[in-house]
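Undergrad: Here you go, this is entry_31.pdb (PDB, C-alpha atoms and all ligand atoms).
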```pdb
ATOM      1  CA  MET A   1     -21.175  21.543 -12.205
ATOM      2  CA  LYS A   2     -24.557  23.041 -11.216
ATOM      3  CA  ASP A   3     -26.264  19.663 -11.613
ATOM      4  CA  LEU A   4     -23.628  17.965  -9.460
ATOM      5  CA  VAL A   5     -23.885  20.628  -6.716
ATOM      6  CA  GLU A   6     -27.680  20.238  -6.630
ATOM      7  CA  ARG A   7     -27.380  16.460  -6.381
ATOM      8  CA  LEU A   8     -24.751  16.712  -3.644
ATOM      9  CA  TYR A   9     -27.013  19.137  -1.722
ATOM     10  CA  GLY A  10     -29.899  16.679  -1.917
ATOM     11  CA  ALA A  11     -27.796  13.559  -1.280
ATOM     12  CA  ARG A  12     -28.230  11.460   1.845
ATOM     13  CA  SER A  13     -25.219   9.301   1.048
ATOM     14  CA  VAL A  14     -22.037  10.135  -0.911
ATOM     15  CA  LEU A  15     -18.990   8.031  -1.822
ATOM     16  CA  ALA A  16     -15.754   9.627  -3.088
ATOM     17  CA  LEU A  17     -13.202   7.347  -4.815
ATOM     18  CA  THR A  18      -9.750   8.881  -5.266
ATOM     19  CA  GLY A  19      -6.548   7.912  -7.059
ATOM     20  CA  SER A  20      -3.045   9.284  -7.425
ATOM     21  CA  GLY A  21      -4.226  12.315  -9.436
ATOM     22  CA  MET A  22      -5.730  13.574  -6.143
ATOM     23  CA  SER A  23      -2.156  14.127  -4.867
ATOM     24  CA  ALA A  24      -0.643  15.451  -8.122
ATOM     25  CA  GLU A  25      -1.077  19.073  -6.920
ATOM     26  CA  SER A  26       0.719  18.103  -3.724
ATOM     27  CA  GLY A  27       3.728  17.358  -5.913
ATOM     28  CA  LEU A  28       3.459  13.560  -5.858
ATOM     29  CA  PRO A  29       3.806  11.754  -9.212
ATOM     30  CA  THR A  30       0.878   9.736 -10.571
ATOM     31  CA  PHE A  31       1.302   6.125 -11.665
ATOM     32  CA  ARG A  32       0.627   6.227 -15.387
ATOM     33  CA  GLY A  33       0.898   9.899 -16.311
ATOM     34  CA  VAL A  34       3.905  11.611 -17.855
ATOM     35  CA  GLY A  35       6.846  11.031 -15.533
ATOM     36  CA  GLY A  36       4.612   8.661 -13.589
ATOM     37  CA  LEU A  37       5.962   6.161 -11.128
ATOM     38  CA  TRP A  38       5.624   3.168 -13.399
ATOM     39  CA  HIS A  39       7.631   4.858 -16.155
ATOM     40  CA  SER A  40      10.851   4.608 -14.174
ATOM     41  CA  HIS A  41      10.072   1.228 -12.636
ATOM     42  CA  ARG A  42       8.461  -1.992 -13.864
ATOM     43  CA  VAL A  43       5.298  -2.750 -11.920
ATOM     44  CA  GLU A  44       6.160  -6.444 -11.539
ATOM     45  CA  GLU A  45       9.502  -5.597  -9.946
ATOM     46  CA  LEU A  46       8.091  -3.325  -7.316
ATOM     47  CA  ALA A  47       4.402  -3.630  -6.455
ATOM     48  CA  SER A  48       4.014  -7.441  -6.374
ATOM     49  CA  PRO A  49       4.819 -10.284  -3.954
ATOM     50  CA  ASP A  50       7.093 -11.913  -6.573
ATOM     51  CA  GLY A  51       9.000  -8.677  -7.062
ATOM     52  CA  PHE A  52       9.462  -8.352  -3.309
ATOM     53  CA  ALA A  53      10.591 -11.972  -2.968
ATOM     54  CA  ARG A  54      13.060 -11.436  -5.810
ATOM     55  CA  ASP A  55      14.554  -8.171  -4.559
ATOM     56  CA  PRO A  56      13.270  -6.874  -1.201
ATOM     57  CA  VAL A  57      16.011  -4.247  -1.013
ATOM     58  CA  LEU A  58      14.998  -2.710  -4.397
ATOM     59  CA  VAL A  59      11.340  -2.700  -3.337
ATOM     60  CA  TRP A  60      12.070  -1.095   0.022
ATOM     61  CA  THR A  61      14.374   1.468  -1.609
ATOM     62  CA  TRP A  62      11.458   2.494  -3.842
ATOM     63  CA  TYR A  63       8.940   2.591  -0.997
ATOM     64  CA  ASN A  64      11.348   4.450   1.311
ATOM     65  CA  GLU A  65      11.779   7.105  -1.395
ATOM     66  CA  ARG A  66       7.994   7.394  -1.782
ATOM     67  CA  ASN A  67       7.462   7.452   1.989
ATOM     68  CA  ALA A  68       9.919  10.361   2.293
ATOM     69  CA  ALA A  69       8.155  12.198  -0.575
ATOM     70  CA  HIS A  70       4.760  11.653   1.102
ATOM     71  CA  ARG A  71       6.021  13.160   4.345
ATOM     72  CA  ARG A  72       7.442  16.205   2.551
ATOM     73  CA  ALA A  73       4.161  16.684   0.676
ATOM     74  CA  ARG A  74       1.230  18.678   2.043
ATOM     75  CA  PRO A  75      -2.472  18.022   1.503
ATOM     76  CA  ASN A  76      -3.779  20.299  -1.283
ATOM     77  CA  ALA A  77      -7.025  22.290  -1.534
ATOM     78  CA  GLY A  78      -8.730  19.235  -3.009
ATOM     79  CA  HIS A  79      -7.931  17.093   0.041
ATOM     80  CA  TYR A  80      -9.255  19.804   2.362
ATOM     81  CA  ALA A  81     -12.378  20.294   0.232
ATOM     82  CA  LEU A  82     -13.244  16.583   0.605
ATOM     83  CA  ALA A  83     -12.741  16.833   4.385
ATOM     84  CA  THR A  84     -15.143  19.812   4.409
ATOM     85  CA  LEU A  85     -17.656  18.023   2.175
ATOM     86  CA  GLU A  86     -17.677  15.133   4.681
ATOM     87  CA  THR A  87     -19.002  17.533   7.356
ATOM     88  CA  ALA A  88     -21.793  18.720   5.022
ATOM     89  CA  VAL A  89     -23.090  15.257   4.076
ATOM     90  CA  ARG A  90     -24.796  13.017   6.636
ATOM     91  CA  ASP A  91     -23.338   9.777   5.260
ATOM     92  CA  PHE A  92     -19.999  10.404   3.524
ATOM     93  CA  THR A  93     -17.356   7.765   2.734
ATOM     94  CA  LEU A  94     -13.953   8.397   1.175
ATOM     95  CA  ALA A  95     -12.340   5.333  -0.442
ATOM     96  CA  THR A  96      -8.818   6.037  -1.630
ATOM     97  CA  GLN A  97      -6.373   3.965  -3.693
ATOM     98  CA  ASN A  98      -3.599   6.229  -2.439
ATOM     99  CA  VAL A  99      -1.118   5.202   0.234
ATOM    100  CA  ASP A 100       0.235   8.716   0.907
ATOM    101  CA  SER A 101      -1.891   9.505   4.026
ATOM    102  CA  LEU A 102      -2.731  12.971   2.652
ATOM    103  CA  HIS A 103      -6.502  12.499   3.118
ATOM    104  CA  LEU A 104      -5.858  11.576   6.754
ATOM    105  CA  ARG A 105      -3.659  14.638   7.233
ATOM    106  CA  ALA A 106      -6.337  16.844   5.656
ATOM    107  CA  GLY A 107      -8.819  15.674   8.326
ATOM    108  CA  SER A 108     -10.973  13.127   6.465
ATOM    109  CA  GLN A 109     -12.580  10.840   9.065
ATOM    110  CA  ASN A 110     -14.570   8.122   7.315
ATOM    111  CA  LEU A 111     -11.597   7.050   5.195
ATOM    112  CA  ILE A 112     -11.063   3.614   3.611
ATOM    113  CA  GLU A 113      -7.484   2.982   2.416
ATOM    114  CA  LEU A 114      -8.232   0.325  -0.206
ATOM    115  CA  HIS A 115      -4.555  -0.337  -1.018
ATOM    116  CA  GLY A 116      -3.130   0.151   2.464
ATOM    117  CA  ASN A 117      -0.680   2.855   3.488
ATOM    118  CA  LEU A 118       2.993   3.519   4.160
ATOM    119  CA  ARG A 119       2.622   4.338   7.859
ATOM    120  CA  GLU A 120       3.545   0.810   8.887
ATOM    121  CA  ALA A 121       5.449  -2.295   7.782
ATOM    122  CA  ARG A 122       4.450  -5.827   8.764
ATOM    123  CA  CYS A 123       6.252  -9.168   8.879
ATOM    124  CA  ASP A 124       5.060 -11.443   6.065
ATOM    125  CA  ARG A 125       5.382 -14.451   8.376
ATOM    126  CA  CYS A 126       4.366 -13.535  11.955
ATOM    127  CA  GLY A 127       2.498 -10.313  11.210
ATOM    128  CA  GLU A 128       4.469  -8.186  13.668
ATOM    129  CA  ARG A 129       4.058  -4.511  12.772
ATOM    130  CA  ARG A 130       6.542  -1.660  12.875
ATOM    131  CA  SER A 131       5.740   2.009  12.299
ATOM    132  CA  LEU A 132       7.621   3.706   9.474
ATOM    133  CA  ASP A 133       9.037   7.088  10.403
ATOM    134  CA  ALA A 134      10.343   9.658   7.926
ATOM    135  CA  TYR A 135      13.373   7.443   7.277
ATOM    136  CA  GLY A 136      11.336   4.391   6.283
ATOM    137  CA  MET A 137      12.517   0.807   6.710
ATOM    138  CA  PRO A 138      16.228   0.353   7.482
ATOM    139  CA  ILE A 139      17.531  -2.098   4.859
ATOM    140  CA  ASP A 140      19.253  -4.135   7.580
ATOM    141  CA  ALA A 141      15.934  -4.559   9.413
ATOM    142  CA  ILE A 142      14.001  -6.192   6.521
ATOM    143  CA  ALA A 143      14.860  -9.704   7.757
ATOM    144  CA  HIS A 144      12.660 -10.405  10.795
ATOM    145  CA  GLY A 145      13.762 -12.483  13.765
ATOM    146  CA  CYS A 146      11.003 -15.047  13.087
ATOM    147  CA  GLY A 147      12.533 -15.857   9.695
ATOM    148  CA  GLY A 148      10.025 -13.714   7.788
ATOM    149  CA  ARG A 149      10.560 -10.376   6.064
ATOM    150  CA  MET A 150       9.171  -6.937   6.910
ATOM    151  CA  ARG A 151       7.065  -5.699   3.946
ATOM    152  CA  PRO A 152       5.141  -2.445   3.309
ATOM    153  CA  ASP A 153       1.537  -2.610   4.611
ATOM    154  CA  ILE A 154       0.381  -2.196   1.023
ATOM    155  CA  VAL A 155      -1.905  -4.225  -1.303
ATOM    156  CA  TRP A 156       0.246  -5.385  -4.243
ATOM    157  CA  PHE A 157      -0.945  -6.608  -7.625
ATOM    158  CA  GLY A 158      -2.319 -10.110  -7.306
ATOM    159  CA  GLU A 159      -3.180  -9.594  -3.618
ATOM    160  CA  ALA A 160      -6.685  -9.316  -2.235
ATOM    161  CA  LEU A 161      -7.799  -5.989  -0.788
ATOM    162  CA  PRO A 162      -8.308  -5.966   3.002
ATOM    163  CA  ARG A 163     -11.618  -7.775   3.458
ATOM    164  CA  GLU A 164     -13.264  -5.359   5.905
ATOM    165  CA  ALA A 165     -12.157  -2.324   3.896
ATOM    166  CA  TRP A 166     -13.538  -3.773   0.683
ATOM    167  CA  LYS A 167     -16.875  -4.750   2.241
ATOM    168  CA  LYS A 168     -17.266  -1.240   3.676
ATOM    169  CA  ALA A 169     -16.441   0.353   0.309
ATOM    170  CA  GLU A 170     -18.842  -1.940  -1.562
ATOM    171  CA  ALA A 171     -21.659  -1.083   0.864
ATOM    172  CA  ALA A 172     -20.948   2.645   0.539
ATOM    173  CA  ALA A 173     -21.137   2.398  -3.270
ATOM    174  CA  ALA A 174     -24.397   0.435  -3.120
ATOM    175  CA  ARG A 175     -26.171   3.057  -0.938
ATOM    176  CA  ALA A 176     -24.626   6.175  -2.472
ATOM    177  CA  ASP A 177     -26.842   8.793  -4.119
ATOM    178  CA  VAL A 178     -23.721  10.436  -5.580
ATOM    179  CA  ILE A 179     -20.294   8.908  -6.347
ATOM    180  CA  LEU A 180     -17.363  11.255  -7.032
ATOM    181  CA  VAL A 181     -14.486   9.639  -8.956
ATOM    182  CA  ILE A 182     -11.450  11.876  -8.589
ATOM    183  CA  GLY A 183      -7.944  11.579 -10.008
ATOM    184  CA  THR A 184      -7.960   7.960 -11.122
ATOM    185  CA  SER A 185      -7.482   6.394 -14.557
ATOM    186  CA  ALA A 186      -9.935   3.709 -13.347
ATOM    187  CA  VAL A 187      -7.873   0.826 -14.744
ATOM    188  CA  VAL A 188      -7.082  -0.918 -11.450
ATOM    189  CA  TYR A 189      -9.657  -3.353 -10.144
ATOM    190  CA  PRO A 190     -11.571  -4.019  -8.032
ATOM    191  CA  ALA A 191     -11.323  -0.355  -6.848
ATOM    192  CA  ALA A 192     -12.508   1.052 -10.197
ATOM    193  CA  ALA A 193     -15.593  -1.179 -10.037
ATOM    194  CA  LEU A 194     -16.917   0.886  -7.109
ATOM    195  CA  ALA A 195     -17.890   3.554  -9.635
ATOM    196  CA  THR A 196     -19.336   1.187 -12.233
ATOM    197  CA  HIS A 197     -20.406  -2.237 -10.907
ATOM    198  CA  TYR A 198     -21.369  -1.726  -7.251
ATOM    199  CA  THR A 199     -23.846   1.046  -7.788
ATOM    200  CA  SER A 200     -27.235   0.809  -9.419
ATOM    201  CA  ARG A 201     -28.676   4.165  -8.509
ATOM    202  CA  ALA A 202     -25.904   6.668  -7.897
ATOM    203  CA  PHE A 203     -25.231   9.778  -9.939
ATOM    204  CA  VAL A 204     -21.560   9.246 -10.879
ATOM    205  CA  ALA A 205     -19.375  12.316 -11.505
ATOM    206  CA  GLU A 206     -15.759  12.164 -12.645
ATOM    207  CA  ILE A 207     -13.248  14.912 -11.832
ATOM    208  CA  ASN A 208     -10.165  14.522 -14.009
ATOM    209  CA  PRO A 209      -8.300  16.720 -16.518
ATOM    210  CA  GLU A 210      -8.180  13.763 -18.919
ATOM    211  CA  ASN A 211     -10.409  11.056 -20.340
ATOM    212  CA  THR A 212     -10.386   7.753 -18.459
ATOM    213  CA  ALA A 213     -11.558   4.171 -18.865
ATOM    214  CA  ILE A 214     -14.958   5.096 -17.365
ATOM    215  CA  SER A 215     -15.516   8.633 -18.743
ATOM    216  CA  ALA A 216     -17.986   7.434 -21.376
ATOM    217  CA  GLY A 217     -20.133   5.690 -18.780
ATOM    218  CA  VAL A 218     -20.463   8.242 -15.988
ATOM    219  CA  ASP A 219     -23.300  10.772 -15.585
ATOM    220  CA  CYS A 220     -21.138  13.880 -15.380
ATOM    221  CA  VAL A 221     -17.561  14.647 -16.404
ATOM    222  CA  LEU A 222     -15.815  17.727 -15.006
ATOM    223  CA  ARG A 223     -12.581  18.249 -16.944
ATOM    224  CA  GLY A 224     -10.289  19.890 -14.423
ATOM    225  CA  THR A 225      -8.039  19.187 -11.462
ATOM    226  CA  ALA A 226      -8.901  18.130  -7.926
ATOM    227  CA  ALA A 227      -7.417  21.207  -6.227
ATOM    228  CA  GLU A 228      -9.189  23.531  -8.688
ATOM    229  CA  LEU A 229     -12.666  21.948  -8.920
ATOM    230  CA  LEU A 230     -13.347  20.400  -5.502
ATOM    231  CA  PRO A 231     -13.133  23.710  -3.569
ATOM    232  CA  ARG A 232     -15.452  25.328  -6.159
ATOM    233  CA  ILE A 233     -17.975  22.505  -5.760
ATOM    234  CA  VAL A 234     -17.922  22.758  -1.960
ATOM    235  CA  GLU A 235     -18.156  26.571  -2.056
ATOM    236  CA  ALA A 236     -21.184  26.336  -4.385
ATOM    237  CA  LEU A 237     -23.128  24.188  -1.891
ATOM    238  CA  PRO A 238     -26.027  26.197  -0.374
TER     239      PRO A 238
HETATM  240  C1  LIG A 301      -6.715  -8.373  -6.891
HETATM  241  C2  LIG A 301      -0.067  -0.496  -4.470
HETATM  242  C3  LIG A 301      -7.324 -10.636  -6.660
HETATM  243  C4  LIG A 301       0.336   0.519  -3.523
HETATM  244  C5  LIG A 301      -1.663  -0.684  -6.177
HETATM  245  C6  LIG A 301     -10.506  -7.469 -12.378
HETATM  246  C7  LIG A 301     -10.946  -7.739 -11.077
HETATM  247  C8  LIG A 301     -10.029  -7.935 -10.048
HETATM  248  C9  LIG A 301      -8.651  -7.822 -10.307
HETATM  249  C10 LIG A 301      -8.216  -7.548 -11.580
HETATM  250  C11 LIG A 301      -9.138  -7.363 -12.609
HETATM  251  N1  LIG A 301      -8.432  -7.104 -13.742
HETATM  252  C12 LIG A 301      -7.116  -7.096 -13.461
HETATM  253  C13 LIG A 301      -6.946  -7.381 -12.167
HETATM  254  C14 LIG A 301      -5.639  -7.487 -11.508
HETATM  255  C15 LIG A 301      -5.149  -6.162 -10.934
HETATM  256  C16 LIG A 301      -5.428  -4.981 -11.814
HETATM  257  O1  LIG A 301      -6.388  -4.266 -11.610
HETATM  258  N2  LIG A 301      -4.579  -4.770 -12.815
HETATM  259  C17 LIG A 301      -4.737  -3.644 -13.708
HETATM  260  C18 LIG A 301      -3.403  -2.921 -13.887
HETATM  261  C19 LIG A 301      -5.262  -4.186 -15.027
HETATM  262  N3  LIG A 301      -5.752  -5.946  -9.640
HETATM  263  C20 LIG A 301      -5.131  -6.476  -8.566
HETATM  264  O2  LIG A 301      -4.138  -7.184  -8.632
HETATM  265  C21 LIG A 301      -5.770  -6.203  -7.219
HETATM  266  N4  LIG A 301      -5.875  -7.439  -6.507
HETATM  267  O3  LIG A 301      -7.506  -8.221  -7.755
HETATM  268  O4  LIG A 301      -6.530  -9.546  -6.218
HETATM  269  C22 LIG A 301      -7.360 -11.580  -5.538
HETATM  270  C23 LIG A 301      -8.591 -11.866  -4.932
HETATM  271  C24 LIG A 301      -8.619 -12.775  -3.906
HETATM  272  C25 LIG A 301      -7.446 -13.388  -3.450
HETATM  273  C26 LIG A 301      -6.209 -13.070  -4.044
HETATM  274  C27 LIG A 301      -6.158 -12.171  -5.104
HETATM  275  C28 LIG A 301      -4.869  -5.302  -6.366
HETATM  276  C29 LIG A 301      -4.784  -3.935  -6.964
HETATM  277  C30 LIG A 301      -3.953  -3.032  -6.037
HETATM  278  C31 LIG A 301      -2.572  -2.898  -6.605
HETATM  279  N5  LIG A 301      -1.806  -1.930  -5.830
HETATM  280  N6  LIG A 301      -0.906   0.100  -5.477
HETATM  281  C32 LIG A 301       1.316   1.452  -4.147
HETATM  282  O5  LIG A 301       2.431   1.014  -4.491
HETATM  283  O6  LIG A 301       0.921   2.599  -4.283
HETATM  284  S1  LIG A 301      -2.459  -0.054  -7.506
HETATM  285  C33 LIG A 301      -1.899   1.487  -7.949
HETATM  286  O7  LIG A 301      -2.744   1.855  -9.058
HETATM  287  C34 LIG A 301      -2.102   2.593  -6.913
HETATM  288  O8  LIG A 301      -2.810   2.201  -5.774
HETATM  289  C35 LIG A 301      -2.923   3.618  -7.715
HETATM  290  O9  LIG A 301      -3.676   4.440  -6.923
HETATM  291  C36 LIG A 301      -3.756   2.684  -8.512
HETATM  292  C37 LIG A 301      -4.609   3.225  -9.585
HETATM  293  O10 LIG A 301      -3.867   4.129 -10.349
HETATM  294  P1  LIG A 301      -4.394   5.643 -10.338
HETATM  295  O11 LIG A 301      -4.485   6.102  -8.933
HETATM  296  O12 LIG A 301      -5.637   5.719 -11.134
HETATM  297  O13 LIG A 301      -3.199   6.405 -11.015
HETATM  298  P2  LIG A 301      -2.973   6.676 -12.584
HETATM  299  O14 LIG A 301      -1.637   7.300 -12.754
HETATM  300  O15 LIG A 301      -3.316   5.441 -13.347
HETATM  301  O16 LIG A 301      -4.085   7.776 -12.940
HETATM  302  C38 LIG A 301      -3.993   9.100 -12.395
HETATM  303  C39 LIG A 301      -5.201   9.851 -12.899
HETATM  304  O17 LIG A 301      -5.204  11.133 -12.292
HETATM  305  C40 LIG A 301      -5.194  10.077 -14.403
HETATM  306  O18 LIG A 301      -6.476   9.773 -14.924
HETATM  307  C41 LIG A 301      -4.887  11.570 -14.547
HETATM  308  O19 LIG A 301      -5.537  12.136 -15.671
HETATM  309  C42 LIG A 301      -5.485  12.109 -13.276
HETATM  310  N7  LIG A 301      -4.897  13.356 -12.791
HETATM  311  C43 LIG A 301      -3.632  13.812 -12.965
HETATM  312  N8  LIG A 301      -3.483  15.007 -12.315
HETATM  313  C44 LIG A 301      -4.685  15.278 -11.721
HETATM  314  C45 LIG A 301      -5.583  14.234 -12.022
HETATM  315  N9  LIG A 301      -6.853  14.215 -11.582
HETATM  316  C46 LIG A 301      -7.259  15.257 -10.826
HETATM  317  N10 LIG A 301      -6.461  16.291 -10.484
HETATM  318  C47 LIG A 301      -5.174  16.333 -10.918
HETATM  319  N11 LIG A 301      -4.380  17.371 -10.585
END
```
Show me, as structure tokens, the structure contained in the file I just sent.

TA:
Amino acid sequence: MKDLVERLYGARSVLALTGSGMSAESGLPTFRGVGGLWHSHRVEELASPDGFARDPVLVWTWYNERNAAHRRARPNAGHYALATLETAVRDFTLATQNVDSLHLRAGSQNLIELHGNLREARCDRCGERRSLDAYGMPIDAIAHGCGGRMRPDIVWFGEALPREAWKKAEAAAARADVILVIGTSAVVYPAAALATHYTSRAFVAEINPENTAISAGVDCVLRGTAAELLPRIVEALP
């Protein structure tokens, strides 16, 4: 950890990439861990355009449940530590795969939501948007007047990431002196590539209680949780 703190202190530019493990200590289930989201649902049925076309009510039922869980959840000490770290680093970018808005609620400013978020729905035909409150999308409002369907403002498997968001994340990875990879199994692309393919010079540190697809290739592995390690790292900064 000492090496990482020294590098963070001397860094001009830092990128943090987070995944669902970031929100585990806020009580939200991860995707592939024990009791993870995918264990009770098949990915294809829920997080894909085909799945939505096949059964929009099932997909919205799942996303409404998650939206309600997100709103009940609170940012944890790890989310707040990243918001504090952003104030200590001149050029700090936070790219998250999460759609739970917890980084936003913790005060992170330069935030890129690579896979979208659950704050809004949009019509898949005319693009009209509708904010999602704590009750989510009413099932009888999925069909839109234009003939399209209201869908979560989320990036599903097989869909391209938002162009601007991806370009910004790629550029942040390319100029980063340090990349923190926190709470992700690093199996979903292209997000995972930010820590491996889009950087030539960064010191890459992984914060995760378990081994991941990129553990063997990073410069520093801190085996622990986001809410435990991130505050300690920030507190150790001179
Ligand atoms: C695309 C939706 C092309 C929102 C999600 C190579 C290049 C490009 C694409 C691909 C490729 N190979 C394969 C693909 C296709 C696919 C993909 O990556 N498949 C994987 C499964 C093999 N990628 C795509 O389809 C992407 N689109 O490539 O489009 C294209 C281009 C042009 C034009 C048209 C098309 C789109 C990917 C986005 C999919 N949407 N989410 C939602 O429903 O939430 S992905 C989903 O997985 C979530 O966003 C999630 O965040 C993400 C990654 O999972 P993790 O966050 O890592 O969660 P996981 O459970 O796996 O891991 C949790 C980790 O936390 C664990 O390591 C655990 O140990 C750790 N942990 C647990 N507790 C803690 C902790 N860590 C710290 N503290 C703790 N307390």

Undergrad: Would you mind telling me which residue in A:Leu8, A:Val34, A:Ala121, A:Ala81 lies nearest to ligand LIG 301 (chain A) when using all atoms listed in the file?

TA: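 Residue with the minimum atom-to-atom distance to ligand LIG 301 (chain A): A:Val34.
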
Undergrad: Ligand LIG 301 (chain A): which residues are within 6 Å, counting all atoms listed in the file, as number ranges by chain?

TA: A: 19-22, 24-25, 30-33, 47, 97-99, 115, 154-160, 182-190, 208-210, 212, 225-226

Undergrad: Counting only C-alpha atoms, which residues come within 12 Å of (-7.7, 15.4, 10.1), with the point read in the file's coordinates, and could you list them as a PyMOL selection string?

TA: chain A and resi 75+79-84+86-87+101-111

Undergrad: Just the selected residues (C-alpha atoms), exported as a CSV table (one decimal), keeping the file's coordinate frame, please.

TA:
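The resulting file, again.csv, is reproduced below:
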```csv
chain,number,residue,atom,x,y,z
A,75,PRO,CA,-2.5,18.0,1.5
A,79,HIS,CA,-7.9,17.1,0.0
A,80,TYR,CA,-9.3,19.8,2.4
A,81,ALA,CA,-12.4,20.3,0.2
A,82,LEU,CA,-13.2,16.6,0.6
A,83,ALA,CA,-12.7,16.8,4.4
A,84,THR,CA,-15.1,19.8,4.4
A,86,GLU,CA,-17.7,15.1,4.7
A,87,THR,CA,-19.0,17.5,7.4
A,101,SER,CA,-1.9,9.5,4.0
A,102,LEU,CA,-2.7,13.0,2.7
A,103,HIS,CA,-6.5,12.5,3.1
A,104,LEU,CA,-5.9,11.6,6.8
A,105,ARG,CA,-3.7,14.6,7.2
A,106,ALA,CA,-6.3,16.8,5.7
A,107,GLY,CA,-8.8,15.7,8.3
A,108,SER,CA,-11.0,13.1,6.5
A,109,GLN,CA,-12.6,10.8,9.1
A,110,ASN,CA,-14.6,8.1,7.3
A,111,LEU,CA,-11.6,7.0,5.2
```

Undergrad: Using only C-alpha atoms, can you tell me which of A:Arg119, A:Arg201, A:Lys168, A:Lys2 comes closest to Leu222 (chain A)?

TA: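 Among the listed residues, the smallest separation from Leu222 (chain A) belongs to A:Lys2.
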
Undergrad: Can you list, as a ChimeraX atom specification, the residues that the PyMOL selection byres (((chain A and resi 137) around 12) and not hetatm) selects here?

TA: /A:56-68,118-123,129-136,138-144,149-153

Undergrad: Around all the atoms of region 63-68 of chain A listed in the file, with 3 Å of room on each side, what axis-aligned box do you get, giving centre and edge lengths in Å to one decimal, as AutoDock Vina command-line options?

TA:
```
--center_x 9.6 --center_y 6.5 --center_z 0.3 --size_x 10.3 --size_y 13.8 --size_z 10.1
```

Undergrad: Restricting the calculation to all atoms listed in the file: of A:Cys220, A:Val181, A:Ile233, A:Ala95, which residue gets closest to Trp166 (chain A)?

TA: A:Ala95

Undergrad: I'd like to see the residues matched by the PyMOL selection byres (((chain A and resi 179) around 7) and not hetatm) on this file, and ideally I'd get them as a list in words.

TA: Val14, Leu15, Ala16, Ala176, Asp177, Val178, Leu180, Val181, Ala195, Ala202, Phe203, Val204 and Ala205 of chain A

Undergrad: Rounded to one decimal in Å, what is the spacing between CA of Gly10 (chain A) and CA of Ala174 (chain A)?

TA: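 So the answer is 17.2 Å.
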
Undergrad: In Å, with one decimal, what is the gap from CA of Ala173 (chain A) to CA of Ile214 (chain A)?

TA: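 If I compute the distance from CA of Ala173 (chain A) to CA of Ile214 (chain A), I get 15.6 Å.
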
Undergrad: Neighbouring residues of Ala77 (chain A) were defined as those with any atom within 8 Å, considering only C-alpha atoms; residues of the same chain fewer than 5 positions away were excluded. Please report them as an NGL selection string.

TA: :A and (226-228 or 230-231)

Undergrad: How far is it from CA of Asn211 (chain A) to CA of Ala165 (chain A), in Å with one decimal?

TA: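 Computing it gives 27.7 Å between the two atoms.
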